[in-house]
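Have a look at the structure below before the remarks.
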Amino acid sequence: MSTDTTTEEATSGFNIQPMKQFEIHPLFGDGAIHWYTPTNAALWMGLAVFCAYLLLVVGSRGRAMVPSRSQSVAEMTYGFVRKMIEDITGKEGLKYFPHIMTAFLFILFANLLGLLPYSFSTTSQIAVTGVLAMTVFLTVTILGFVINGPGFIKLFWVSSAPLALRPVLFLIELISYFVRPVSHSIRLGGNLMAGHAVVKVFAGFAGALGIGAIIPITAIVAVYGLELLVAFIQAYVFTILTVVYLKDALHPAH
Amino acid sequence: MAVQDVALAVEASKPGMPQLDFSTYPNQIFWLVVSIVVLYFIVSKVALPRIGSVIEDRHNAIANDIEQASEFKRKAEEAEAAYNAALTEARAQAMHIAGVAKAEIKADVDAAIAKADAEIAAKSAESAVRIDEIRASALKSIEEVAGAVVNDIIAAIMPTTSDEKATKAAVAARLKG
């Protein structure tokens, strides 16, 4: 019996559970998770919204002609997203600036907050990224038909290709269009999940290696820096793809 | 060993990825929608209008300042041109005044010289007349004196033959000769 416990303790040193950090549990008590239960996911989503509020509203409360640091960052974020929309869709896309800004800020702050130790990374959940991507997909598709009517089909009808190829291309374009929400959501969720899992795995090694832990700890530092970059880049990629899809809805002709 | 088996069994019963645990989806989606709606209202009602107006104001202020600066520059250039024009005008006027003054002075000097010349000529003419008079009176006096002397000499030499008229004529003829 005593040998059993020692082997169990020995194995528990290597008992790495990189996926445990993605588990959802209620904030209070230990009961079942109903749709309304306040969970860690709810907490960290709320914190992401709160951080966006701090940056954009509290940070810019001075309304100064010469901006403070936080106001300057808020203005840069504003200019960054606005310019992205204007460059890709033109002036008519600016009507959707608040929607895209919302998506960008939510994903950015969720990604960044997910990097805090002991935090919960909401954007690593397929449920979250999937809903975001499906919202974008449905909105853009409906918008495309509302604005262009049946002409929206032109998006799939490559009029610059030879006539014989057009039906084939139509099929390919159609498939790629419907794959969009899948790639859109999995790109974000997968990137976040993989990075966090890698950090956790290295952390598990560090706990088991004793003095040799210096190697995995160095690796964690490096991966963490990379994850910081990924947090920004994935927020940017999600947003810019949203804008590109929006452009398709506004100007479907190739 | 039995404990370990149970633990493994529990482990296996859980899905490999918590992301694929569909029982948590309604919860996540509900809170996601709540968060996104709240954030959307913060962004669209407060943040973007505020930041947009601040950027707009700053843009306008900068444009105004640049416009004002170019206005001031234009005014400065105008002032410089006016100054230069005034300077050339003043110089021309000064030259003109100097010329006029010079001409006036020359005329005055000429007039004074002419007057002085005339006065000198008049004075010298007067003097010439007086010299003539003096000379005439001197000649007359010499004649008289000479006549008297001759008379006296004749009277002394030959007192009987004194003819005053003859001697006078003789003296005058001599003096003229």
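Following the order of the structure tokens, first chain is A, next is B, and so on, with residues numbered from 1 inside each chain and ligands from 1 in the order they appear.
Omitting region 173-177 of chain A and its sequence neighbours fewer than 5 positions away, and counting only C-alpha atoms, the residues within 10 Å are Phe137, Thr141, Ile153, Leu155, Phe156, Trp157, Val158, Pro167, Val168, Val182, Ser183 and Tyr245 of chain A.
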Could you save the residues just selected, with all heavy atoms, as a compact mmCIF listing (two decimals), in the first residue's frame?
# COMPACT_ATOMS: atom_id res chain seq x y z
N PHE A 137 -20.63 35.81 -39.86
CA PHE A 137 -21.03 35.13 -41.10
C PHE A 137 -22.48 35.44 -41.45
O PHE A 137 -22.80 35.86 -42.57
CB PHE A 137 -20.82 33.62 -40.95
CG PHE A 137 -21.26 32.81 -42.13
CD1 PHE A 137 -20.48 32.76 -43.27
CD2 PHE A 137 -22.45 32.10 -42.09
CE1 PHE A 137 -20.88 32.02 -44.36
CE2 PHE A 137 -22.86 31.35 -43.18
CZ PHE A 137 -22.08 31.32 -44.31
N THR A 141 -23.78 37.77 -44.52
CA THR A 141 -24.57 37.15 -45.58
C THR A 141 -25.92 37.85 -45.74
O THR A 141 -26.33 38.20 -46.86
CB THR A 141 -24.78 35.66 -45.27
OG1 THR A 141 -23.52 35.07 -44.99
CG2 THR A 141 -25.42 34.96 -46.43
N ILE A 153 -25.09 37.05 -55.37
CA ILE A 153 -24.58 35.78 -55.91
C ILE A 153 -23.35 36.02 -56.78
O ILE A 153 -22.51 35.15 -56.95
CB ILE A 153 -25.69 35.07 -56.72
CG1 ILE A 153 -26.87 34.76 -55.79
CG2 ILE A 153 -25.21 33.80 -57.37
CD1 ILE A 153 -26.60 33.71 -54.76
N LEU A 155 -20.83 37.36 -56.11
CA LEU A 155 -19.63 37.11 -55.33
C LEU A 155 -19.02 35.75 -55.68
O LEU A 155 -17.82 35.57 -55.64
CB LEU A 155 -19.99 37.15 -53.84
CG LEU A 155 -18.88 36.91 -52.83
CD1 LEU A 155 -17.80 37.96 -52.94
CD2 LEU A 155 -19.45 36.89 -51.42
N PHE A 156 -19.90 34.79 -56.05
CA PHE A 156 -19.42 33.44 -56.35
C PHE A 156 -19.23 33.23 -57.85
O PHE A 156 -18.72 32.21 -58.26
CB PHE A 156 -20.40 32.40 -55.81
CG PHE A 156 -20.81 32.67 -54.40
CD1 PHE A 156 -22.10 33.07 -54.09
CD2 PHE A 156 -19.89 32.56 -53.36
CE1 PHE A 156 -22.47 33.34 -52.79
CE2 PHE A 156 -20.27 32.82 -52.06
CZ PHE A 156 -21.55 33.22 -51.78
N TRP A 157 -19.72 34.16 -58.63
CA TRP A 157 -19.69 33.99 -60.09
C TRP A 157 -18.53 34.82 -60.63
O TRP A 157 -18.64 36.03 -60.81
CB TRP A 157 -21.03 34.44 -60.68
CG TRP A 157 -21.19 34.04 -62.11
CD1 TRP A 157 -21.13 34.85 -63.20
CD2 TRP A 157 -21.47 32.72 -62.60
NE1 TRP A 157 -21.34 34.12 -64.33
CE2 TRP A 157 -21.54 32.80 -63.99
CE3 TRP A 157 -21.63 31.46 -61.97
CZ2 TRP A 157 -21.78 31.68 -64.79
CZ3 TRP A 157 -21.88 30.37 -62.76
CH2 TRP A 157 -21.95 30.49 -64.16
N VAL A 158 -17.39 34.16 -60.87
CA VAL A 158 -16.17 34.88 -61.25
C VAL A 158 -16.28 35.26 -62.72
O VAL A 158 -15.99 34.46 -63.61
CB VAL A 158 -14.93 34.01 -61.00
CG1 VAL A 158 -13.67 34.84 -61.18
CG2 VAL A 158 -14.97 33.41 -59.62
N PRO A 167 -18.83 27.67 -63.69
CA PRO A 167 -19.61 26.82 -62.76
C PRO A 167 -18.73 26.11 -61.75
O PRO A 167 -19.09 25.99 -60.58
CB PRO A 167 -20.27 25.80 -63.71
CG PRO A 167 -20.27 26.45 -65.04
CD PRO A 167 -19.05 27.31 -65.09
N VAL A 168 -17.56 25.68 -62.19
CA VAL A 168 -16.64 25.00 -61.26
C VAL A 168 -16.20 25.97 -60.19
O VAL A 168 -16.23 25.66 -58.99
CB VAL A 168 -15.42 24.45 -62.04
CG1 VAL A 168 -14.51 23.70 -61.09
CG2 VAL A 168 -15.87 23.60 -63.20
N VAL A 182 -16.02 28.51 -40.04
CA VAL A 182 -15.26 27.45 -39.38
C VAL A 182 -13.82 27.88 -39.18
O VAL A 182 -13.28 27.88 -38.07
CB VAL A 182 -15.34 26.14 -40.21
CG1 VAL A 182 -14.53 25.06 -39.53
CG2 VAL A 182 -16.79 25.72 -40.41
N SER A 183 -13.18 28.30 -40.29
CA SER A 183 -11.77 28.70 -40.19
C SER A 183 -11.63 29.95 -39.31
O SER A 183 -10.71 30.07 -38.51
CB SER A 183 -11.19 28.97 -41.58
OG SER A 183 -11.86 30.05 -42.18
N TYR A 245 -14.85 40.33 -45.01
CA TYR A 245 -16.14 39.72 -45.31
C TYR A 245 -17.20 40.81 -45.49
O TYR A 245 -18.06 40.71 -46.37
CB TYR A 245 -16.57 38.77 -44.18
CG TYR A 245 -15.63 37.59 -43.97
CD1 TYR A 245 -15.64 36.85 -42.79
CD2 TYR A 245 -14.72 37.21 -44.96
CE1 TYR A 245 -14.78 35.79 -42.60
CE2 TYR A 245 -13.85 36.15 -44.77
CZ TYR A 245 -13.88 35.45 -43.59
OH TYR A 245 -13.02 34.40 -43.40
Report as CSV the residues of chain A within 9 Å of chain B, each with its shortest atom pair and distance in Å (one decimal), using only C-alpha atoms, ordered by chain and increasing residue number.
residue,atom,partner,partner_atom,distance
A:Met1,CA,B:Met1,CA,8.6
A:Asp4,CA,B:Met1,CA,6.8
A:Glu8,CA,B:Gln4,CA,7.8
A:Met19,CA,B:Met17,CA,6.4
A:Lys20,CA,B:Pro18,CA,7.6
A:Gln21,CA,B:Pro18,CA,8.8
A:Phe22,CA,B:Pro18,CA,5.9
A:Glu23,CA,B:Pro18,CA,5.2
A:Ile24,CA,B:Thr24,CA,7.1
A:His25,CA,B:Thr24,CA,8.9
A:Ile33,CA,B:Thr24,CA,6.6
A:His34,CA,B:Asn27,CA,6.2
A:Trp35,CA,B:Asn27,CA,3.7
A:Tyr36,CA,B:Asn27,CA,6.0
A:Thr37,CA,B:Asn27,CA,6.7
A:Pro38,CA,B:Asn27,CA,8.2
A:Thr39,CA,B:Asn27,CA,8.0
A:Ala41,CA,B:Gln28,CA,6.5
A:Ala42,CA,B:Trp31,CA,5.4
A:Leu43,CA,B:Trp31,CA,8.9
A:Met45,CA,B:Ser35,CA,6.3
A:Gly46,CA,B:Ser35,CA,6.0
A:Ala48,CA,B:Ser35,CA,8.5
A:Val49,CA,B:Leu39,CA,5.7
A:Phe50,CA,B:Leu39,CA,8.4
A:Ala52,CA,B:Leu39,CA,7.7
A:Tyr53,CA,B:Ile42,CA,7.0
A:Leu56,CA,B:Ala47,CA,5.5
A:Val57,CA,B:Ala47,CA,5.4
A:Ser60,CA,B:Ile51,CA,7.0
A:Arg61,CA,B:Arg50,CA,8.5
A:Arg63,CA,B:Val54,CA,6.0
A:Ala64,CA,B:Val54,CA,7.3
A:Met65,CA,B:Arg58,CA,5.9
A:Val66,CA,B:Arg58,CA,8.3
A:Gln71,CA,B:Ile51,CA,8.4
A:Ala74,CA,B:Ile51,CA,7.7
A:Glu75,CA,B:Ile51,CA,6.4
A:Tyr78,CA,B:Ile51,CA,7.5
A:Phe97,CA,B:Ser44,CA,8.6
A:Pro98,CA,B:Ser44,CA,5.2
A:His99,CA,B:Tyr40,CA,6.7
A:Met101,CA,B:Val43,CA,7.4
A:Thr102,CA,B:Tyr40,CA,5.5
A:Ala103,CA,B:Ile36,CA,7.8
A:Leu105,CA,B:Leu39,CA,8.6
A:Phe106,CA,B:Ile36,CA,7.4
A:Thr122,CA,B:Gln28,CA,8.7
A:Ser124,CA,B:Gln19,CA,7.9
A:Gln125,CA,B:Gln19,CA,5.3
A:Ile126,CA,B:Gln19,CA,5.9
A:Ala127,CA,B:Tyr25,CA,5.9
A:Val128,CA,B:Ile29,CA,6.5
A:Val131,CA,B:Ile29,CA,7.1
A:Leu132,CA,B:Leu32,CA,8.8
Please produce a file of the residues just selected, as a PDB file, in the first residue's frame, where the atoms kept are C-alpha atoms.
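Contents of the output file selection_39.pdb:
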ATOM      1  CA  MET A   1       0.000   0.000   0.000  1.00  0.00           C
ATOM      2  CA  ASP A   4       1.488   2.356  -4.215  1.00  0.00           C
ATOM      3  CA  GLU A   8       1.356   7.606  -7.327  1.00  0.00           C
ATOM      4  CA  MET A  19      -6.383  21.159 -20.704  1.00  0.00           C
ATOM      5  CA  LYS A  20      -7.593  21.625 -17.123  1.00  0.00           C
ATOM      6  CA  GLN A  21      -7.216  25.394 -17.454  1.00  0.00           C
ATOM      7  CA  PHE A  22      -9.955  25.431 -20.083  1.00  0.00           C
ATOM      8  CA  GLU A  23     -12.540  23.815 -17.829  1.00  0.00           C
ATOM      9  CA  ILE A  24     -15.565  25.818 -16.934  1.00  0.00           C
ATOM     10  CA  HIS A  25     -16.810  25.788 -13.377  1.00  0.00           C
ATOM     11  CA  ILE A  33     -23.804  24.704 -14.873  1.00  0.00           C
ATOM     12  CA  HIS A  34     -27.081  26.178 -16.074  1.00  0.00           C
ATOM     13  CA  TRP A  35     -27.186  28.798 -18.822  1.00  0.00           C
ATOM     14  CA  TYR A  36     -27.461  31.588 -16.233  1.00  0.00           C
ATOM     15  CA  THR A  37     -24.850  30.315 -13.766  1.00  0.00           C
ATOM     16  CA  PRO A  38     -22.091  32.855 -13.147  1.00  0.00           C
ATOM     17  CA  THR A  39     -18.999  30.905 -14.177  1.00  0.00           C
ATOM     18  CA  ALA A  41     -16.117  32.238 -18.298  1.00  0.00           C
ATOM     19  CA  ALA A  42     -18.692  34.880 -17.363  1.00  0.00           C
ATOM     20  CA  LEU A  43     -16.238  36.549 -14.972  1.00  0.00           C
ATOM     21  CA  MET A  45     -15.740  38.006 -20.301  1.00  0.00           C
ATOM     22  CA  GLY A  46     -17.024  40.661 -17.950  1.00  0.00           C
ATOM     23  CA  ALA A  48     -12.642  41.990 -20.798  1.00  0.00           C
ATOM     24  CA  VAL A  49     -15.599  44.337 -21.200  1.00  0.00           C
ATOM     25  CA  PHE A  50     -14.510  46.231 -18.103  1.00  0.00           C
ATOM     26  CA  ALA A  52     -12.284  47.936 -22.742  1.00  0.00           C
ATOM     27  CA  TYR A  53     -14.424  50.352 -20.730  1.00  0.00           C
ATOM     28  CA  LEU A  56     -11.963  53.803 -24.013  1.00  0.00           C
ATOM     29  CA  VAL A  57     -14.213  55.599 -21.555  1.00  0.00           C
ATOM     30  CA  SER A  60     -10.424  59.312 -22.604  1.00  0.00           C
ATOM     31  CA  ARG A  61     -12.461  61.115 -19.930  1.00  0.00           C
ATOM     32  CA  ARG A  63     -11.115  64.849 -23.660  1.00  0.00           C
ATOM     33  CA  ALA A  64      -7.832  66.711 -23.770  1.00  0.00           C
ATOM     34  CA  MET A  65      -6.568  68.542 -26.832  1.00  0.00           C
ATOM     35  CA  VAL A  66      -3.140  67.186 -25.937  1.00  0.00           C
ATOM     36  CA  GLN A  71      -6.289  58.770 -24.087  1.00  0.00           C
ATOM     37  CA  ALA A  74      -7.565  54.895 -26.893  1.00  0.00           C
ATOM     38  CA  GLU A  75      -7.220  57.243 -29.858  1.00  0.00           C
ATOM     39  CA  TYR A  78      -9.813  54.092 -32.584  1.00  0.00           C
ATOM     40  CA  PHE A  97     -17.402  50.832 -37.170  1.00  0.00           C
ATOM     41  CA  PRO A  98     -18.975  50.353 -33.684  1.00  0.00           C
ATOM     42  CA  HIS A  99     -19.722  46.676 -34.382  1.00  0.00           C
ATOM     43  CA  MET A 101     -14.667  47.965 -32.808  1.00  0.00           C
ATOM     44  CA  THR A 102     -16.696  45.929 -30.305  1.00  0.00           C
ATOM     45  CA  ALA A 103     -15.453  42.645 -31.736  1.00  0.00           C
ATOM     46  CA  LEU A 105     -11.845  45.148 -28.271  1.00  0.00           C
ATOM     47  CA  PHE A 106     -13.571  42.107 -26.856  1.00  0.00           C
ATOM     48  CA  THR A 122     -12.501  32.900 -22.949  1.00  0.00           C
ATOM     49  CA  SER A 124      -9.809  29.715 -26.402  1.00  0.00           C
ATOM     50  CA  GLN A 125     -13.352  28.310 -26.224  1.00  0.00           C
ATOM     51  CA  ILE A 126     -14.856  27.156 -29.486  1.00  0.00           C
ATOM     52  CA  ALA A 127     -18.278  28.093 -28.138  1.00  0.00           C
ATOM     53  CA  VAL A 128     -17.202  31.723 -27.873  1.00  0.00           C
ATOM     54  CA  VAL A 131     -20.646  32.297 -31.874  1.00  0.00           C
ATOM     55  CA  LEU A 132     -18.562  35.332 -32.825  1.00  0.00           C
TER      56      LEU A 132
END
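Here CA of Thr135 (chain A) is placed at a distance of 17.1 Å from CA of Lys95 (chain A).
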message: Would you pick out the contacts of Ser185 (chain A) at 6 Å or less, using only C-alpha atoms, so that residues sharing its chain but fewer than 6 positions from it are not included, and give the list as number ranges by chain?
response: A: 129-130, 133
Go ahead and write the residues just picked, N, CA and C atoms, as a PDB file, in the first residue's frame.
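Once written, result-v1.pdb looks like this:
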ATOM      1  N   THR A 129     -15.683  31.611 -29.768  1.00  0.00           N
ATOM      2  CA  THR A 129     -15.214  32.041 -31.091  1.00  0.00           C
ATOM      3  C   THR A 129     -16.210  31.617 -32.166  1.00  0.00           C
ATOM      4  N   GLY A 130     -16.841  30.460 -31.962  1.00  0.00           N
ATOM      5  CA  GLY A 130     -17.834  29.992 -32.935  1.00  0.00           C
ATOM      6  C   GLY A 130     -19.018  30.925 -33.019  1.00  0.00           C
ATOM      7  N   ALA A 133     -17.865  34.062 -34.784  1.00  0.00           N
ATOM      8  CA  ALA A 133     -17.681  33.858 -36.216  1.00  0.00           C
ATOM      9  C   ALA A 133     -19.020  33.669 -36.916  1.00  0.00           C
TER      10      ALA A 133
END
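The two atoms in question, CA of Ala235 (chain A) and CA of Thr77 (chain A), are spaced 12.2 Å apart.
When CA of Tyr96 (chain A) is paired with CA of Leu115 (chain A), their separation reads 29.3 Å.
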Near-Ile85 (chain A) list (7 Å; only C-alpha atoms; drop same-chain fewer than 6 positions) as a ChimeraX atom specification: /A:93-94,243
Please, could you write that set of residues out with all heavy atoms as a PDB file, in the first residue's frame?
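And here is the file that came out, selection38.pdb:
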ATOM      1  N   GLY A  93     -18.314  51.520 -45.304  1.00  0.00           N
ATOM      2  CA  GLY A  93     -18.133  50.534 -44.248  1.00  0.00           C
ATOM      3  C   GLY A  93     -18.115  51.154 -42.858  1.00  0.00           C
ATOM      4  O   GLY A  93     -18.285  50.454 -41.865  1.00  0.00           O
ATOM      5  N   LEU A  94     -17.912  52.482 -42.797  1.00  0.00           N
ATOM      6  CA  LEU A  94     -17.774  53.135 -41.486  1.00  0.00           C
ATOM      7  C   LEU A  94     -19.059  53.071 -40.674  1.00  0.00           C
ATOM      8  O   LEU A  94     -19.041  53.269 -39.470  1.00  0.00           O
ATOM      9  CB  LEU A  94     -17.346  54.592 -41.666  1.00  0.00           C
ATOM     10  CG  LEU A  94     -15.887  54.760 -42.082  1.00  0.00           C
ATOM     11  CD1 LEU A  94     -15.556  56.223 -42.266  1.00  0.00           C
ATOM     12  CD2 LEU A  94     -14.962  54.140 -41.054  1.00  0.00           C
ATOM     13  N   VAL A 243     -13.732  42.500 -41.507  1.00  0.00           N
ATOM     14  CA  VAL A 243     -13.865  43.657 -42.396  1.00  0.00           C
ATOM     15  C   VAL A 243     -13.837  43.213 -43.855  1.00  0.00           C
ATOM     16  O   VAL A 243     -14.584  43.733 -44.689  1.00  0.00           O
ATOM     17  CB  VAL A 243     -12.756  44.685 -42.096  1.00  0.00           C
ATOM     18  CG1 VAL A 243     -12.870  45.858 -43.030  1.00  0.00           C
ATOM     19  CG2 VAL A 243     -12.821  45.149 -40.664  1.00  0.00           C
TER      20      VAL A 243
END
Near region 200-204 of chain A, counting only C-alpha atoms, which residues have an atom at most 10 Å away, once you skip same-chain residues fewer than 2 positions from it, shown as a CSV table (one decimal) with all heavy atoms, in the first residue's frame?
chain,number,residue,atom,x,y,z
A,13,GLY,N,4.0,13.9,-10.1
A,13,GLY,CA,4.9,15.0,-10.5
A,13,GLY,C,4.8,15.3,-11.9
A,13,GLY,O,4.9,16.4,-12.4
A,14,PHE,N,4.6,14.2,-12.7
A,14,PHE,CA,4.5,14.4,-14.2
A,14,PHE,C,3.1,14.4,-14.6
A,14,PHE,O,2.8,14.4,-15.8
A,14,PHE,CB,5.2,13.2,-14.9
A,14,PHE,CG,6.7,13.5,-15.1
A,14,PHE,CD1,7.6,12.8,-14.4
A,14,PHE,CD2,7.1,14.5,-16.0
A,14,PHE,CE1,9.0,13.0,-14.5
A,14,PHE,CE2,8.5,14.7,-16.1
A,14,PHE,CZ,9.4,14.0,-15.4
A,15,ASN,N,2.2,14.6,-13.7
A,15,ASN,CA,0.8,14.5,-14.0
A,15,ASN,C,0.3,15.9,-14.6
A,15,ASN,O,-0.2,16.7,-13.9
A,15,ASN,CB,0.0,14.2,-12.7
A,15,ASN,CG,-1.5,13.9,-13.1
A,15,ASN,OD1,-1.8,13.8,-14.3
A,15,ASN,ND2,-2.3,13.8,-12.1
A,16,ILE,N,0.7,16.1,-15.8
A,16,ILE,CA,0.4,17.4,-16.4
A,16,ILE,C,-0.9,17.4,-17.0
A,16,ILE,O,-1.3,16.4,-17.8
A,16,ILE,CB,1.5,17.7,-17.5
A,16,ILE,CG1,2.9,17.6,-16.9
A,16,ILE,CG2,1.2,19.0,-18.2
A,16,ILE,CD1,4.0,17.4,-17.9
A,17,GLN,N,-1.7,18.4,-16.7
A,17,GLN,CA,-3.1,18.4,-17.3
A,17,GLN,C,-3.2,19.8,-18.0
A,17,GLN,O,-3.8,20.7,-17.5
A,17,GLN,CB,-4.1,18.3,-16.2
A,17,GLN,CG,-4.1,16.9,-15.6
A,17,GLN,CD,-5.1,16.8,-14.5
A,17,GLN,OE1,-5.2,17.6,-13.6
A,17,GLN,NE2,-6.0,15.8,-14.6
A,18,PRO,N,-2.7,19.8,-19.2
A,18,PRO,CA,-2.7,21.1,-19.9
A,18,PRO,C,-4.1,21.6,-20.2
A,18,PRO,O,-4.3,22.8,-20.5
A,18,PRO,CB,-1.9,20.9,-21.1
A,18,PRO,CG,-1.9,19.4,-21.4
A,18,PRO,CD,-2.1,18.8,-20.0
A,19,MET,N,-5.0,20.7,-20.3
A,19,MET,CA,-6.4,21.2,-20.7
A,19,MET,C,-7.3,21.6,-19.5
A,19,MET,O,-8.4,22.1,-19.7
A,19,MET,CB,-7.1,20.0,-21.5
A,19,MET,CG,-6.3,19.5,-22.7
A,19,MET,SD,-5.7,20.9,-23.7
A,19,MET,CE,-7.1,21.0,-24.8
A,20,LYS,N,-6.8,21.3,-18.3
A,20,LYS,CA,-7.6,21.6,-17.1
A,20,LYS,C,-7.9,23.1,-17.0
A,20,LYS,O,-9.0,23.5,-16.6
A,20,LYS,CB,-6.8,21.2,-15.9
A,20,LYS,CG,-7.8,20.8,-14.7
A,20,LYS,CD,-6.9,20.3,-13.6
A,20,LYS,CE,-7.7,20.3,-12.3
A,20,LYS,NZ,-8.7,19.2,-12.2
A,21,GLN,N,-7.0,24.0,-17.6
A,21,GLN,CA,-7.2,25.4,-17.5
A,21,GLN,C,-8.4,25.9,-18.3
A,21,GLN,O,-8.9,27.0,-18.1
A,21,GLN,CB,-6.0,26.1,-17.9
A,21,GLN,CG,-5.6,25.7,-19.4
A,21,GLN,CD,-4.4,26.5,-19.9
A,21,GLN,OE1,-4.3,27.7,-19.6
A,21,GLN,NE2,-3.6,25.8,-20.7
A,194,ALA,N,-3.7,26.4,-28.1
A,194,ALA,CA,-2.4,25.8,-28.3
A,194,ALA,C,-1.3,26.5,-27.4
A,194,ALA,O,-0.6,25.8,-26.7
A,194,ALA,CB,-2.0,25.8,-29.8
A,195,GLY,N,-1.3,27.8,-27.5
A,195,GLY,CA,-0.3,28.5,-26.8
A,195,GLY,C,-0.4,28.3,-25.3
A,195,GLY,O,0.6,28.0,-24.6
A,196,HIS,N,-1.6,28.4,-24.8
A,196,HIS,CA,-1.8,28.2,-23.3
A,196,HIS,C,-1.5,26.8,-22.9
A,196,HIS,O,-0.9,26.6,-21.8
A,196,HIS,CB,-3.3,28.5,-23.0
A,196,HIS,CG,-3.6,30.0,-23.0
A,196,HIS,ND1,-3.9,30.8,-21.9
A,196,HIS,CD2,-3.6,30.9,-24.1
A,196,HIS,CE1,-4.0,32.0,-22.3
A,196,HIS,NE2,-3.9,32.1,-23.6
A,197,ALA,N,-1.8,25.8,-23.8
A,197,ALA,CA,-1.5,24.4,-23.4
A,197,ALA,C,0.0,24.2,-23.4
A,197,ALA,O,0.5,23.5,-22.5
A,197,ALA,CB,-2.2,23.5,-24.4
A,198,VAL,N,0.7,24.8,-24.3
A,198,VAL,CA,2.2,24.7,-24.4
A,198,VAL,C,2.8,25.2,-23.1
A,198,VAL,O,3.7,24.6,-22.5
A,198,VAL,CB,2.7,25.4,-25.6
A,198,VAL,CG1,4.2,25.5,-25.5
A,198,VAL,CG2,2.4,24.5,-26.9
A,206,ALA,N,8.6,21.9,-15.5
A,206,ALA,CA,9.4,22.7,-14.5
A,206,ALA,C,9.2,22.2,-13.1
A,206,ALA,O,10.1,22.1,-12.3
A,206,ALA,CB,9.0,24.2,-14.6
A,207,GLY,N,7.9,21.8,-12.8
A,207,GLY,CA,7.6,21.3,-11.5
A,207,GLY,C,8.3,20.0,-11.2
A,207,GLY,O,8.6,19.7,-10.1
A,208,ALA,N,8.6,19.2,-12.3
A,208,ALA,CA,9.1,17.9,-12.1
A,208,ALA,C,10.7,17.8,-12.1
A,208,ALA,O,11.3,16.9,-11.7
A,208,ALA,CB,8.5,16.9,-13.1
A,209,LEU,N,11.3,18.8,-12.8
A,209,LEU,CA,12.7,18.7,-13.1
A,209,LEU,C,13.7,19.2,-12.0
A,209,LEU,O,14.9,19.0,-12.1
A,209,LEU,CB,13.0,19.4,-14.4
A,209,LEU,CG,12.5,18.7,-15.7
A,209,LEU,CD1,12.9,19.5,-16.9
A,209,LEU,CD2,13.1,17.3,-15.8
A,213,ALA,N,14.9,22.8,-14.0
A,213,ALA,CA,13.7,23.5,-14.4
A,213,ALA,C,14.0,24.8,-15.1
A,213,ALA,O,13.1,25.4,-15.7
A,213,ALA,CB,12.8,23.8,-13.2
A,215,ILE,N,15.4,25.2,-17.8
A,215,ILE,CA,15.2,25.1,-19.2
A,215,ILE,C,13.7,25.4,-19.6
A,215,ILE,O,13.4,26.2,-20.4
A,215,ILE,CB,15.7,23.8,-19.8
A,215,ILE,CG1,17.2,23.7,-19.6
A,215,ILE,CG2,15.4,23.6,-21.2
A,215,ILE,CD1,17.8,22.3,-19.6
A,216,PRO,N,12.8,24.6,-19.0
A,216,PRO,CA,11.4,24.9,-19.3
A,216,PRO,C,11.0,26.3,-18.9
A,216,PRO,O,10.1,26.9,-19.6
A,216,PRO,CB,10.6,23.8,-18.5
A,216,PRO,CG,11.6,23.2,-17.6
A,216,PRO,CD,12.9,23.4,-18.1
A,217,ILE,N,11.6,26.8,-17.8
A,217,ILE,CA,11.2,28.2,-17.4
A,217,ILE,C,11.6,29.2,-18.5
A,217,ILE,O,10.8,30.1,-18.8
A,217,ILE,CB,11.7,28.5,-16.0
A,217,ILE,CG1,11.0,27.7,-14.9
A,217,ILE,CG2,11.6,30.0,-15.7
A,217,ILE,CD1,11.6,27.8,-13.6
A,218,THR,N,12.8,29.0,-19.0
A,218,THR,CA,13.2,29.9,-20.1
A,218,THR,C,12.3,29.7,-21.3
A,218,THR,O,11.9,30.7,-21.9
A,218,THR,CB,14.7,29.5,-20.5
A,218,THR,OG1,15.5,29.3,-19.4
A,218,THR,CG2,15.2,30.5,-21.5
A,219,ALA,N,11.9,28.5,-21.6
A,219,ALA,CA,11.0,28.2,-22.7
A,219,ALA,C,9.7,28.9,-22.4
A,219,ALA,O,9.1,29.5,-23.3
A,219,ALA,CB,10.8,26.7,-22.9
A,220,ILE,N,9.2,28.9,-21.2
A,220,ILE,CA,7.9,29.5,-20.8
A,220,ILE,C,8.0,31.0,-21.1
A,220,ILE,O,7.1,31.6,-21.7
A,220,ILE,CB,7.5,29.3,-19.4
A,220,ILE,CG1,7.1,27.8,-19.2
A,220,ILE,CG2,6.4,30.2,-18.9
A,220,ILE,CD1,6.8,27.4,-17.8
A,223,VAL,N,7.9,31.5,-24.9
A,223,VAL,CA,6.5,31.2,-25.4
A,223,VAL,C,5.5,32.3,-25.0
A,223,VAL,O,4.7,32.6,-25.7
A,223,VAL,CB,6.1,29.8,-25.0
A,223,VAL,CG1,4.6,29.5,-25.3
A,223,VAL,CG2,6.9,28.7,-25.6
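Once region 146-154 of chain B and its same-chain neighbours fewer than 4 positions away are set aside, Ile142, Met158, Pro159, Ser162, Glu164, Thr167, Lys168 and Val171 of chain B remain within 7 Å of it when counting only C-alpha atoms.
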message: Show me, as a PyMOL selection string, the residues that have an atom within 9 Å of Ser119 (chain A) when counting only C-alpha atoms, minus same-chain residues fewer than 6 positions from it.
response: chain A and resi 21+40+44+113
